file start.pdb (PDB, N, CA and C atoms)
ATOM      1  N   GLU H 133       0.085   3.492  12.154
ATOM      2  CA  GLU H 133       0.750   3.451  13.443
ATOM      3  C   GLU H 133       1.713   2.287  13.540
ATOM      4  N   TYR H 134       2.079   1.704  12.429
ATOM      5  CA  TYR H 134       3.050   0.625  12.425
ATOM      6  C   TYR H 134       3.990   0.832  11.249
ATOM      7  N   SER H 135       5.054   0.074  11.253
ATOM      8  CA  SER H 135       6.017   0.198  10.159
ATOM      9  C   SER H 135       6.492  -1.194   9.774
ATOM     10  N   CYS H 136       7.209  -1.243   8.690
ATOM     11  CA  CYS H 136       7.853  -2.477   8.236
ATOM     12  C   CYS H 136       9.352  -2.233   8.284
ATOM     13  N   SER H 137      10.043  -2.990   9.100
ATOM     14  CA  SER H 137      11.491  -2.848   9.196
ATOM     15  C   SER H 137      12.125  -3.228   7.860
ATOM     16  N   THR H 138      12.799  -2.279   7.236
ATOM     17  CA  THR H 138      13.412  -2.534   5.931
ATOM     18  C   THR H 138      14.380  -3.716   5.981
ATOM     19  N   PRO H 139      15.298  -3.774   6.968
ATOM     20  CA  PRO H 139      16.195  -4.946   7.011
ATOM     21  C   PRO H 139      15.436  -6.262   7.164
ATOM     22  N   ASP H 140      14.369  -6.268   7.963
ATOM     23  CA  ASP H 140      13.589  -7.494   8.151
ATOM     24  C   ASP H 140      12.876  -7.903   6.873
ATOM     25  N   VAL H 141      12.342  -6.930   6.155
ATOM     26  CA  VAL H 141      11.648  -7.232   4.896
ATOM     27  C   VAL H 141      12.638  -7.807   3.886
ATOM     28  N   PHE H 142      13.822  -7.206   3.773
ATOM     29  CA  PHE H 142      14.815  -7.717   2.828
ATOM     30  C   PHE H 142      15.327  -9.087   3.249
ATOM     31  N   GLN H 143      15.457  -9.322   4.542
ATOM     32  CA  GLN H 143      15.883 -10.639   5.018
ATOM     33  C   GLN H 143      14.828 -11.692   4.667
ATOM     34  N   ALA H 144      13.545 -11.357   4.872
ATOM     35  CA  ALA H 144      12.471 -12.282   4.497
ATOM     36  C   ALA H 144      12.484 -12.535   2.997
ATOM     37  N   PHE H 145      12.752 -11.499   2.213
ATOM     38  CA  PHE H 145      12.831 -11.661   0.756
ATOM     39  C   PHE H 145      13.988 -12.587   0.384
ATOM     40  N   ASP H 146      15.137 -12.413   1.035
ATOM     41  CA  ASP H 146      16.292 -13.260   0.755
ATOM     42  C   ASP H 146      15.997 -14.725   1.066
ATOM     43  N   ILE H 147      15.222 -14.969   2.118
ATOM     44  CA  ILE H 147      14.896 -16.341   2.509
ATOM     45  C   ILE H 147      13.897 -16.967   1.542
ATOM     46  N   THR H 148      12.853 -16.233   1.210
ATOM     47  CA  THR H 148      11.791 -16.798   0.371
ATOM     48  C   THR H 148      12.088 -16.670  -1.114
ATOM     49  N   GLY H 149      12.759 -15.591  -1.489
ATOM     50  CA  GLY H 149      13.037 -15.356  -2.901
ATOM     51  C   GLY H 149      11.792 -15.091  -3.721
ATOM     52  N   CYS H 150      10.691 -14.743  -3.044
ATOM     53  CA  CYS H 150       9.435 -14.491  -3.750
ATOM     54  C   CYS H 150       9.552 -13.219  -4.569
ATOM     55  N   GLU H 151       9.272 -13.333  -5.839
ATOM     56  CA  GLU H 151       9.232 -12.156  -6.701
ATOM     57  C   GLU H 151       7.810 -11.963  -7.177
ATOM     58  N   GLY H 152       7.398 -10.716  -7.242
ATOM     59  CA  GLY H 152       6.045 -10.404  -7.689
ATOM     60  C   GLY H 152       5.925 -10.494  -9.190
ATOM     61  N   ALA H 153       4.715 -10.367  -9.655
ATOM     62  CA  ALA H 153       4.467 -10.328 -11.097
ATOM     63  C   ALA H 153       5.067  -9.043 -11.655
ATOM     64  N   GLU H 154       5.293  -9.017 -12.936
ATOM     65  CA  GLU H 154       5.871  -7.826 -13.561
ATOM     66  C   GLU H 154       4.994  -6.613 -13.269
ATOM     67  N   GLY H 155       5.626  -5.544 -12.857
ATOM     68  CA  GLY H 155       4.898  -4.317 -12.547
ATOM     69  C   GLY H 155       4.443  -4.227 -11.105
ATOM     70  N   THR H 156       4.783  -5.236 -10.305
ATOM     71  CA  THR H 156       4.427  -5.184  -8.886
ATOM     72  C   THR H 156       5.687  -5.081  -8.045
ATOM     73  N   ASN H 157       5.514  -4.791  -6.796
ATOM     74  CA  ASN H 157       6.618  -4.646  -5.869
ATOM     75  C   ASN H 157       7.063  -6.036  -5.404
ATOM     76  N   ASP H 158       8.291  -6.411  -5.703
ATOM     77  CA  ASP H 158       8.812  -7.726  -5.317
ATOM     78  C   ASP H 158       8.852  -7.926  -3.811
ATOM     79  N   LEU H 159       8.835  -6.852  -3.044
ATOM     80  CA  LEU H 159       8.927  -6.952  -1.593
ATOM     81  C   LEU H 159       7.570  -7.133  -0.910
ATOM     82  N   LEU H 160       6.495  -7.121  -1.679
ATOM     83  CA  LEU H 160       5.156  -7.147  -1.101
ATOM     84  C   LEU H 160       4.926  -8.365  -0.206
ATOM     85  N   ALA H 161       5.169  -9.568  -0.709
ATOM     86  CA  ALA H 161       4.925 -10.782   0.081
ATOM     87  C   ALA H 161       5.794 -10.791   1.335
ATOM     88  N   SER H 162       7.020 -10.337   1.225
ATOM     89  CA  SER H 162       7.914 -10.294   2.385
ATOM     90  C   SER H 162       7.425  -9.279   3.414
ATOM     91  N   ALA H 163       6.942  -8.143   2.953
ATOM     92  CA  ALA H 163       6.407  -7.133   3.869
ATOM     93  C   ALA H 163       5.174  -7.663   4.587
ATOM     94  N   TRP H 164       4.323  -8.407   3.869
ATOM     95  CA  TRP H 164       3.142  -9.008   4.500
ATOM     96  C   TRP H 164       3.559 -10.011   5.570
ATOM     97  N   THR H 165       4.659 -10.737   5.336
ATOM     98  CA  THR H 165       5.152 -11.708   6.309
ATOM     99  C   THR H 165       5.629 -10.994   7.573
ATOM    100  N   ILE H 166       6.344  -9.904   7.389
ATOM    101  CA  ILE H 166       6.889  -9.155   8.521
ATOM    102  C   ILE H 166       5.793  -8.405   9.262
ATOM    103  N   GLN H 167       4.827  -7.860   8.539
ATOM    104  CA  GLN H 167       3.761  -7.054   9.151
ATOM    105  C   GLN H 167       2.405  -7.520   8.589
ATOM    106  N   PRO H 168       1.811  -8.575   9.176
ATOM    107  CA  PRO H 168       0.538  -9.101   8.658
ATOM    108  C   PRO H 168      -0.581  -8.060   8.594
ATOM    109  N   ARG H 169      -0.551  -7.078   9.457
ATOM    110  CA  ARG H 169      -1.587  -6.037   9.441
ATOM    111  C   ARG H 169      -1.580  -5.279   8.112
ATOM    112  N   LEU H 170      -0.426  -5.195   7.479
ATOM    113  CA  LEU H 170      -0.307  -4.500   6.198
ATOM    114  C   LEU H 170      -1.213  -5.134   5.148
ATOM    115  N   LYS H 171      -1.237  -6.452   5.090
ATOM    116  CA  LYS H 171      -2.078  -7.145   4.116
ATOM    117  C   LYS H 171      -3.551  -6.843   4.387
ATOM    118  N   GLU H 172      -3.944  -6.899   5.651
ATOM    119  CA  GLU H 172      -5.330  -6.602   6.017
ATOM    120  C   GLU H 172      -5.708  -5.177   5.611
ATOM    121  N   ASP H 173      -4.828  -4.242   5.888
ATOM    122  CA  ASP H 173      -5.111  -2.845   5.545
ATOM    123  C   ASP H 173      -5.175  -2.640   4.040
ATOM    124  N   MET H 174      -4.314  -3.305   3.297
ATOM    125  CA  MET H 174      -4.352  -3.166   1.839
ATOM    126  C   MET H 174      -5.655  -3.735   1.276
ATOM    127  N   GLN H 175      -6.147  -4.816   1.865
ATOM    128  CA  GLN H 175      -7.425  -5.381   1.429
ATOM    129  C   GLN H 175      -8.573  -4.428   1.752
ATOM    130  N   THR H 176      -8.547  -3.839   2.931
ATOM    131  CA  THR H 176      -9.579  -2.870   3.315
ATOM    132  C   THR H 176      -9.573  -1.687   2.360
ATOM    133  N   LEU H 177      -8.396  -1.166   2.064
ATOM    134  CA  LEU H 177      -8.294  -0.014   1.166
ATOM    135  C   LEU H 177      -8.734  -0.373  -0.251
ATOM    136  N   PHE H 178      -8.470  -1.595  -0.679
ATOM    137  CA  PHE H 178      -8.935  -2.029  -2.001
ATOM    138  C   PHE H 178     -10.462  -1.982  -2.069
ATOM    139  N   HIS H 179     -11.115  -2.422  -1.000
ATOM    140  CA  HIS H 179     -12.580  -2.408  -0.986
ATOM    141  C   HIS H 179     -13.127  -0.983  -1.004
ATOM    142  N   ILE H 180     -12.434  -0.065  -0.368
ATOM    143  CA  ILE H 180     -12.872   1.331  -0.369
ATOM    144  C   ILE H 180     -12.593   1.979  -1.722
ATOM    145  N   ALA H 181     -11.389   1.784  -2.229
ATOM    146  CA  ALA H 181     -10.950   2.470  -3.450
ATOM    147  C   ALA H 181     -11.464   1.816  -4.724
ATOM    148  N   GLY H 182     -11.640   0.506  -4.688
ATOM    149  CA  GLY H 182     -12.024  -0.193  -5.914
ATOM    150  C   GLY H 182     -10.907  -0.205  -6.944
ATOM    151  N   LYS H 183      -9.700   0.039  -6.472
ATOM    152  CA  LYS H 183      -8.519   0.059  -7.341
ATOM    153  C   LYS H 183      -7.389  -0.671  -6.636
ATOM    154  N   GLU H 184      -6.412  -1.110  -7.420
ATOM    155  CA  GLU H 184      -5.258  -1.804  -6.859
ATOM    156  C   GLU H 184      -4.510  -0.895  -5.884
ATOM    157  N   ILE H 185      -4.118  -1.463  -4.770
ATOM    158  CA  ILE H 185      -3.337  -0.752  -3.761
ATOM    159  C   ILE H 185      -1.885  -1.192  -3.937
ATOM    160  N   HIS H 186      -0.989  -0.240  -4.017
ATOM    161  CA  HIS H 186       0.431  -0.523  -4.234
ATOM    162  C   HIS H 186       1.216  -0.243  -2.959
ATOM    163  N   LEU H 187       2.293  -0.985  -2.787
ATOM    164  CA  LEU H 187       3.195  -0.776  -1.659
ATOM    165  C   LEU H 187       4.386   0.043  -2.137
ATOM    166  N   SER H 188       4.758   1.038  -1.354
ATOM    167  CA  SER H 188       5.921   1.849  -1.673
ATOM    168  C   SER H 188       7.135   1.270  -0.952
ATOM    169  N   GLY H 189       8.154   0.921  -1.701
ATOM    170  CA  GLY H 189       9.382   0.390  -1.115
ATOM    171  C   GLY H 189       9.134  -0.872  -0.318
ATOM    172  N   SER H 190       9.695  -0.924   0.894
ATOM    173  CA  SER H 190       9.524  -2.103   1.746
ATOM    174  C   SER H 190       8.340  -1.935   2.694
ATOM    175  N   GLY H 191       7.566  -0.868   2.525
ATOM    176  CA  GLY H 191       6.367  -0.646   3.349
ATOM    177  C   GLY H 191       6.665   0.300   4.492
ATOM    178  N   SER H 192       5.734   0.787   5.125
ATOM    179  CA  SER H 192       4.331   0.435   5.089
ATOM    180  C   SER H 192       3.461   1.478   4.372
ATOM    181  N   THR H 193       4.094   2.369   3.640
ATOM    182  CA  THR H 193       3.337   3.359   2.871
ATOM    183  C   THR H 193       2.705   2.698   1.654
ATOM    184  N   MET H 194       1.439   3.037   1.413
ATOM    185  CA  MET H 194       0.696   2.487   0.291
ATOM    186  C   MET H 194       0.208   3.631  -0.590
ATOM    187  N   PHE H 195      -0.095   3.311  -1.850
ATOM    188  CA  PHE H 195      -0.637   4.336  -2.737
ATOM    189  C   PHE H 195      -1.576   3.716  -3.755
ATOM    190  N   VAL H 196      -2.429   4.568  -4.318
ATOM    191  CA  VAL H 196      -3.392   4.187  -5.348
ATOM    192  C   VAL H 196      -3.184   5.138  -6.518
ATOM    193  N   ILE H 197      -3.216   4.623  -7.712
ATOM    194  CA  ILE H 197      -3.112   5.461  -8.895
ATOM    195  C   ILE H 197      -4.525   5.809  -9.342
ATOM    196  N   CYS H 198      -4.828   7.091  -9.351
ATOM    197  CA  CYS H 198      -6.165   7.568  -9.723
ATOM    198  C   CYS H 198      -6.141   8.155 -11.128
ATOM    199  N   ASP H 199      -7.324   8.290 -11.690
ATOM    200  CA  ASP H 199      -7.450   8.815 -13.046
ATOM    201  C   ASP H 199      -7.459  10.338 -13.091
ATOM    202  N   THR H 200      -7.971  10.965 -12.033
ATOM    203  CA  THR H 200      -8.063  12.424 -12.005
ATOM    204  C   THR H 200      -7.716  12.946 -10.616
ATOM    205  N   THR H 201      -7.420  14.227 -10.563
ATOM    206  CA  THR H 201      -7.152  14.877  -9.280
ATOM    207  C   THR H 201      -8.377  14.816  -8.390
ATOM    208  N   GLU H 202      -9.533  15.005  -8.976
ATOM    209  CA  GLU H 202     -10.784  14.966  -8.201
ATOM    210  C   GLU H 202     -11.001  13.583  -7.596
ATOM    211  N   GLN H 203     -10.753  12.550  -8.390
ATOM    212  CA  GLN H 203     -10.912  11.185  -7.892
ATOM    213  C   GLN H 203      -9.946  10.933  -6.730
ATOM    214  N   ALA H 204      -8.720  11.399  -6.848
ATOM    215  CA  ALA H 204      -7.733  11.221  -5.782
ATOM    216  C   ALA H 204      -8.166  11.939  -4.508
ATOM    217  N   THR H 205      -8.662  13.144  -4.643
ATOM    218  CA  THR H 205      -9.112  13.924  -3.481
ATOM    219  C   THR H 205     -10.288  13.241  -2.799
ATOM    220  N   GLU H 206     -11.260  12.798  -3.589
ATOM    221  CA  GLU H 206     -12.430  12.114  -3.035
ATOM    222  C   GLU H 206     -12.040  10.803  -2.358
ATOM    223  N   MET H 207     -11.137  10.058  -2.983
ATOM    224  CA  MET H 207     -10.715   8.784  -2.419
ATOM    225  C   MET H 207      -9.965   8.979  -1.106
ATOM    226  N   ALA H 208      -9.089   9.969  -1.048
ATOM    227  CA  ALA H 208      -8.362  10.252   0.189
ATOM    228  C   ALA H 208      -9.337  10.592   1.311
ATOM    229  N   GLN H 209     -10.332  11.379   1.010
ATOM    230  CA  GLN H 209     -11.335  11.748   2.017
ATOM    231  C   GLN H 209     -12.117  10.522   2.476
ATOM    232  N   GLU H 210     -12.498   9.683   1.540
ATOM    233  CA  GLU H 210     -13.264   8.473   1.877
ATOM    234  C   GLU H 210     -12.437   7.523   2.740
ATOM    235  N   ILE H 211     -11.166   7.376   2.432
ATOM    236  CA  ILE H 211     -10.278   6.526   3.231
ATOM    237  C   ILE H 211     -10.191   7.063   4.651
ATOM    238  N   GLN H 212     -10.034   8.354   4.798
ATOM    239  CA  GLN H 212      -9.952   8.940   6.139
ATOM    240  C   GLN H 212     -11.283   8.822   6.885
ATOM    241  N   ASN H 213     -12.403   8.908   6.157
ATOM    242  CA  ASN H 213     -13.711   8.774   6.795
ATOM    243  C   ASN H 213     -13.966   7.353   7.294
ATOM    244  N   GLN H 214     -13.453   6.357   6.565
ATOM    245  CA  GLN H 214     -13.777   4.971   6.884
ATOM    246  C   GLN H 214     -12.705   4.223   7.670
ATOM    247  N   THR H 215     -11.521   4.822   7.815
ATOM    248  CA  THR H 215     -10.431   4.134   8.520
ATOM    249  C   THR H 215      -9.719   5.119   9.442
ATOM    250  N   ALA H 216      -8.741   4.603  10.147
ATOM    251  CA  ALA H 216      -7.906   5.451  10.998
ATOM    252  C   ALA H 216      -6.631   5.876  10.262
ATOM    253  N   HIS H 217      -6.563   5.603   8.966
ATOM    254  CA  HIS H 217      -5.370   5.926   8.185
ATOM    255  C   HIS H 217      -5.334   7.397   7.776
ATOM    256  N   VAL H 218      -4.145   7.885   7.600
ATOM    257  CA  VAL H 218      -3.927   9.212   7.039
ATOM    258  C   VAL H 218      -3.845   9.034   5.534
ATOM    259  N   ALA H 219      -4.610   9.805   4.803
ATOM    260  CA  ALA H 219      -4.592   9.698   3.339
ATOM    261  C   ALA H 219      -4.649  11.103   2.756
ATOM    262  N   PHE H 220      -3.909  11.305   1.691
ATOM    263  CA  PHE H 220      -3.955  12.592   1.007
ATOM    264  C   PHE H 220      -3.661  12.397  -0.467
ATOM    265  N   ALA H 221      -4.197  13.293  -1.245
ATOM    266  CA  ALA H 221      -4.020  13.258  -2.686
ATOM    267  C   ALA H 221      -2.719  13.965  -3.055
ATOM    268  N   THR H 222      -1.973  13.354  -3.937
ATOM    269  CA  THR H 222      -0.746  13.973  -4.450
ATOM    270  C   THR H 222      -0.790  13.922  -5.964
ATOM    271  N   GLN H 223       0.181  14.541  -6.557
ATOM    272  CA  GLN H 223       0.242  14.549  -8.019
ATOM    273  C   GLN H 223       1.684  14.307  -8.427
ATOM    274  N   THR H 224       1.880  13.510  -9.464
ATOM    275  CA  THR H 224       3.224  13.276  -9.956
ATOM    276  C   THR H 224       3.703  14.505 -10.699
ATOM    277  N   SER H 225       4.993  14.688 -10.742
ATOM    278  CA  SER H 225       5.534  15.801 -11.514
ATOM    279  C   SER H 225       5.664  15.367 -12.964
ATOM    280  N   GLU H 226       5.565  16.311 -13.835
ATOM    281  CA  GLU H 226       5.635  15.988 -15.270
ATOM    282  C   GLU H 226       6.996  16.272 -15.824
TER
END
call {"tool": "encode", "arguments": {"input": "start.pdb", "output": "structure tokens"}}
result
Amino acid sequence: EYSCSTPDVFQAFDITGCEGAEGTNDLLASAWTIQPRLKEDMQTLFHIAGKEIHLSGSGSTMFVICDTTEQATEMAQEIQNQTAHVAFATQTSE
């Protein structure tokens, strides 16, 4: 029920110049600055999923990389059972 303003996230990034570790989203720290609730939600989802939670773009969409379709389906259901978030399993195209 919240969003991260893309211009605000990029402005925060320009000010701080924080870059993430290789393979992570460089905008993550800036998005957390703009929308502190995002960090809290990502921590909650990490505890539910037991896997790294990734930020898509400048936020606030998050995703988890699962090993199987079944794991993704179960995790999406568990997230919806334990939080007010909308979660669904998707599959990458080959």
call {"tool": "resolve_selection", "arguments": {"input": "start.pdb", "expression": "the PyMOL selection byres ((chain H and resi 162) around 7)", "output": "number ranges by chain"}}
result
H: 140-142, 144-145, 150, 158-161, 163-167
call {"tool": "closest_residue", "arguments": {"input": "start.pdb", "among": "H:Thr205, H:Pro139, H:His186, H:Gln175", "to": "Thr156 in chain H", "atoms": "only N, CA and C atoms"}}
result
H:His186
call {"tool": "closest_residue", "arguments": {"input": "start.pdb", "among": "H:Ala216, H:Cys136, H:Ile147, H:Asp173", "to": "Ser188 in chain H", "atoms": "only C-alpha atoms"}}
result
H:Cys136
call {"tool": "resolve_selection", "arguments": {"input": "start.pdb", "expression": "the PyMOL selection byres ((chain H and resi 195) around 6)", "output": "JSON, numbers by chain"}}
result
{"H": [184, 185, 186, 187, 188, 193, 194, 196, 197]}
call {"tool": "resolve_selection", "arguments": {"input": "start.pdb", "expression": "the PyMOL selection byres (((chain H and resi 218 and name CA) around 12) and name CA)", "output": "PyMOL selection string"}}
result
chain H and resi 133+177+193-195+207-217+219-221
call {"tool": "select_by_dssp", "arguments": {"input": "start.pdb", "residues": "chain H", "states": "strand (DSSP E)", "output": "list in words"}}
result
His186, Leu187, Met194 and Phe195 of chain H
call {"tool": "atom_distance", "arguments": {"input": "start.pdb", "atom1": "atom C of Gly191 in chain H", "atom2": "atom C of Gln223 in chain H"}}
result
19.7 Å
call {"tool": "atom_distance", "arguments": {"input": "start.pdb", "atom1": "CA of Ser137 in chain H", "atom2": "CA of Gly182 in chain H"}}
result
28.1 Å
call {"tool": "atom_distance", "arguments": {"input": "start.pdb", "atom1": "CA of Gln203 in chain H", "atom2": "CA of Glu172 in chain H"}}
result
23.3 Å
call {"tool": "axis_aligned_box", "arguments": {"input": "start.pdb", "around": "range 143-146 of chain H", "padding_each_side": "4 Å", "output": "AutoDock Vina command-line options"}}
result
--center_x 14.4 --center_y -12.0 --center_z 2.7 --size_x 11.8 --size_y 13.4 --size_z 12.6
call {"tool": "build_atoms", "arguments": {"input": "start.pdb", "residues": "range 190-201 of chain H", "atoms": "all heavy atoms", "output": "PDB file, in the frame of the given file"}}
result
ATOM      1  N   SER H 190       9.695  -0.924   0.894  1.00  0.00           N
ATOM      2  CA  SER H 190       9.524  -2.103   1.746  1.00  0.00           C
ATOM      3  C   SER H 190       8.340  -1.935   2.694  1.00  0.00           C
ATOM      4  O   SER H 190       8.124  -2.763   3.566  1.00  0.00           O
ATOM      5  CB  SER H 190      10.810  -2.366   2.535  1.00  0.00           C
ATOM      6  OG  SER H 190      11.141  -1.255   3.345  1.00  0.00           O
ATOM      7  N   GLY H 191       7.566  -0.868   2.525  1.00  0.00           N
ATOM      8  CA  GLY H 191       6.367  -0.646   3.349  1.00  0.00           C
ATOM      9  C   GLY H 191       6.665   0.300   4.492  1.00  0.00           C
ATOM     10  O   GLY H 191       7.791   0.635   4.751  1.00  0.00           O
ATOM     11  N   SER H 192       5.734   0.787   5.125  1.00  0.00           N
ATOM     12  CA  SER H 192       4.331   0.435   5.089  1.00  0.00           C
ATOM     13  C   SER H 192       3.461   1.478   4.372  1.00  0.00           C
ATOM     14  O   SER H 192       2.236   1.411   4.437  1.00  0.00           O
ATOM     15  CB  SER H 192       3.823   0.264   6.522  1.00  0.00           C
ATOM     16  OG  SER H 192       4.002   1.466   7.263  1.00  0.00           O
ATOM     17  N   THR H 193       4.094   2.369   3.640  1.00  0.00           N
ATOM     18  CA  THR H 193       3.337   3.359   2.871  1.00  0.00           C
ATOM     19  C   THR H 193       2.705   2.698   1.654  1.00  0.00           C
ATOM     20  O   THR H 193       3.334   1.900   0.967  1.00  0.00           O
ATOM     21  CB  THR H 193       4.260   4.506   2.413  1.00  0.00           C
ATOM     22  OG1 THR H 193       4.826   5.122   3.570  1.00  0.00           O
ATOM     23  CG2 THR H 193       3.498   5.536   1.599  1.00  0.00           C
ATOM     24  N   MET H 194       1.439   3.037   1.413  1.00  0.00           N
ATOM     25  CA  MET H 194       0.696   2.487   0.291  1.00  0.00           C
ATOM     26  C   MET H 194       0.208   3.631  -0.590  1.00  0.00           C
ATOM     27  O   MET H 194       0.080   4.754  -0.124  1.00  0.00           O
ATOM     28  CB  MET H 194      -0.512   1.699   0.804  1.00  0.00           C
ATOM     29  CG  MET H 194      -0.145   0.518   1.681  1.00  0.00           C
ATOM     30  SD  MET H 194      -1.570  -0.121   2.584  1.00  0.00           S
ATOM     31  CE  MET H 194      -1.394   0.769   4.137  1.00  0.00           C
ATOM     32  N   PHE H 195      -0.095   3.311  -1.850  1.00  0.00           N
ATOM     33  CA  PHE H 195      -0.637   4.336  -2.737  1.00  0.00           C
ATOM     34  C   PHE H 195      -1.576   3.716  -3.755  1.00  0.00           C
ATOM     35  O   PHE H 195      -1.545   2.517  -4.016  1.00  0.00           O
ATOM     36  CB  PHE H 195       0.474   5.142  -3.420  1.00  0.00           C
ATOM     37  CG  PHE H 195       1.342   4.344  -4.362  1.00  0.00           C
ATOM     38  CD1 PHE H 195       1.059   4.314  -5.723  1.00  0.00           C
ATOM     39  CD2 PHE H 195       2.443   3.644  -3.894  1.00  0.00           C
ATOM     40  CE1 PHE H 195       1.864   3.588  -6.598  1.00  0.00           C
ATOM     41  CE2 PHE H 195       3.245   2.920  -4.755  1.00  0.00           C
ATOM     42  CZ  PHE H 195       2.961   2.890  -6.110  1.00  0.00           C
ATOM     43  N   VAL H 196      -2.429   4.568  -4.318  1.00  0.00           N
ATOM     44  CA  VAL H 196      -3.392   4.187  -5.348  1.00  0.00           C
ATOM     45  C   VAL H 196      -3.184   5.138  -6.518  1.00  0.00           C
ATOM     46  O   VAL H 196      -3.009   6.338  -6.323  1.00  0.00           O
ATOM     47  CB  VAL H 196      -4.846   4.329  -4.842  1.00  0.00           C
ATOM     48  CG1 VAL H 196      -5.837   3.999  -5.936  1.00  0.00           C
ATOM     49  CG2 VAL H 196      -5.079   3.478  -3.611  1.00  0.00           C
ATOM     50  N   ILE H 197      -3.216   4.623  -7.712  1.00  0.00           N
ATOM     51  CA  ILE H 197      -3.112   5.461  -8.895  1.00  0.00           C
ATOM     52  C   ILE H 197      -4.525   5.809  -9.342  1.00  0.00           C
ATOM     53  O   ILE H 197      -5.316   4.918  -9.664  1.00  0.00           O
ATOM     54  CB  ILE H 197      -2.329   4.759 -10.011  1.00  0.00           C
ATOM     55  CG1 ILE H 197      -0.904   4.456  -9.517  1.00  0.00           C
ATOM     56  CG2 ILE H 197      -2.321   5.608 -11.283  1.00  0.00           C
ATOM     57  CD1 ILE H 197      -0.092   3.600 -10.450  1.00  0.00           C
ATOM     58  N   CYS H 198      -4.828   7.091  -9.351  1.00  0.00           N
ATOM     59  CA  CYS H 198      -6.165   7.568  -9.723  1.00  0.00           C
ATOM     60  C   CYS H 198      -6.141   8.155 -11.128  1.00  0.00           C
ATOM     61  O   CYS H 198      -5.083   8.507 -11.652  1.00  0.00           O
ATOM     62  CB  CYS H 198      -6.627   8.627  -8.723  1.00  0.00           C
ATOM     63  SG  CYS H 198      -6.828   7.965  -7.063  1.00  0.00           S
ATOM     64  N   ASP H 199      -7.324   8.290 -11.690  1.00  0.00           N
ATOM     65  CA  ASP H 199      -7.450   8.815 -13.046  1.00  0.00           C
ATOM     66  C   ASP H 199      -7.459  10.338 -13.091  1.00  0.00           C
ATOM     67  O   ASP H 199      -7.049  10.934 -14.079  1.00  0.00           O
ATOM     68  CB  ASP H 199      -8.721   8.269 -13.708  1.00  0.00           C
ATOM     69  CG  ASP H 199      -8.685   6.754 -13.820  1.00  0.00           C
ATOM     70  OD1 ASP H 199      -7.612   6.201 -14.122  1.00  0.00           O
ATOM     71  OD2 ASP H 199      -9.731   6.122 -13.585  1.00  0.00           O
ATOM     72  N   THR H 200      -7.971  10.965 -12.033  1.00  0.00           N
ATOM     73  CA  THR H 200      -8.063  12.424 -12.005  1.00  0.00           C
ATOM     74  C   THR H 200      -7.716  12.946 -10.616  1.00  0.00           C
ATOM     75  O   THR H 200      -7.751  12.204  -9.624  1.00  0.00           O
ATOM     76  CB  THR H 200      -9.496  12.905 -12.338  1.00  0.00           C
ATOM     77  OG1 THR H 200     -10.385  12.457 -11.294  1.00  0.00           O
ATOM     78  CG2 THR H 200      -9.968  12.381 -13.692  1.00  0.00           C
ATOM     79  N   THR H 201      -7.420  14.227 -10.563  1.00  0.00           N
ATOM     80  CA  THR H 201      -7.152  14.877  -9.280  1.00  0.00           C
ATOM     81  C   THR H 201      -8.377  14.816  -8.390  1.00  0.00           C
ATOM     82  O   THR H 201      -8.267  14.564  -7.183  1.00  0.00           O
ATOM     83  CB  THR H 201      -6.734  16.348  -9.510  1.00  0.00           C
ATOM     84  OG1 THR H 201      -5.584  16.363 -10.354  1.00  0.00           O
ATOM     85  CG2 THR H 201      -6.426  17.044  -8.205  1.00  0.00           C
TER      86      THR H 201
END
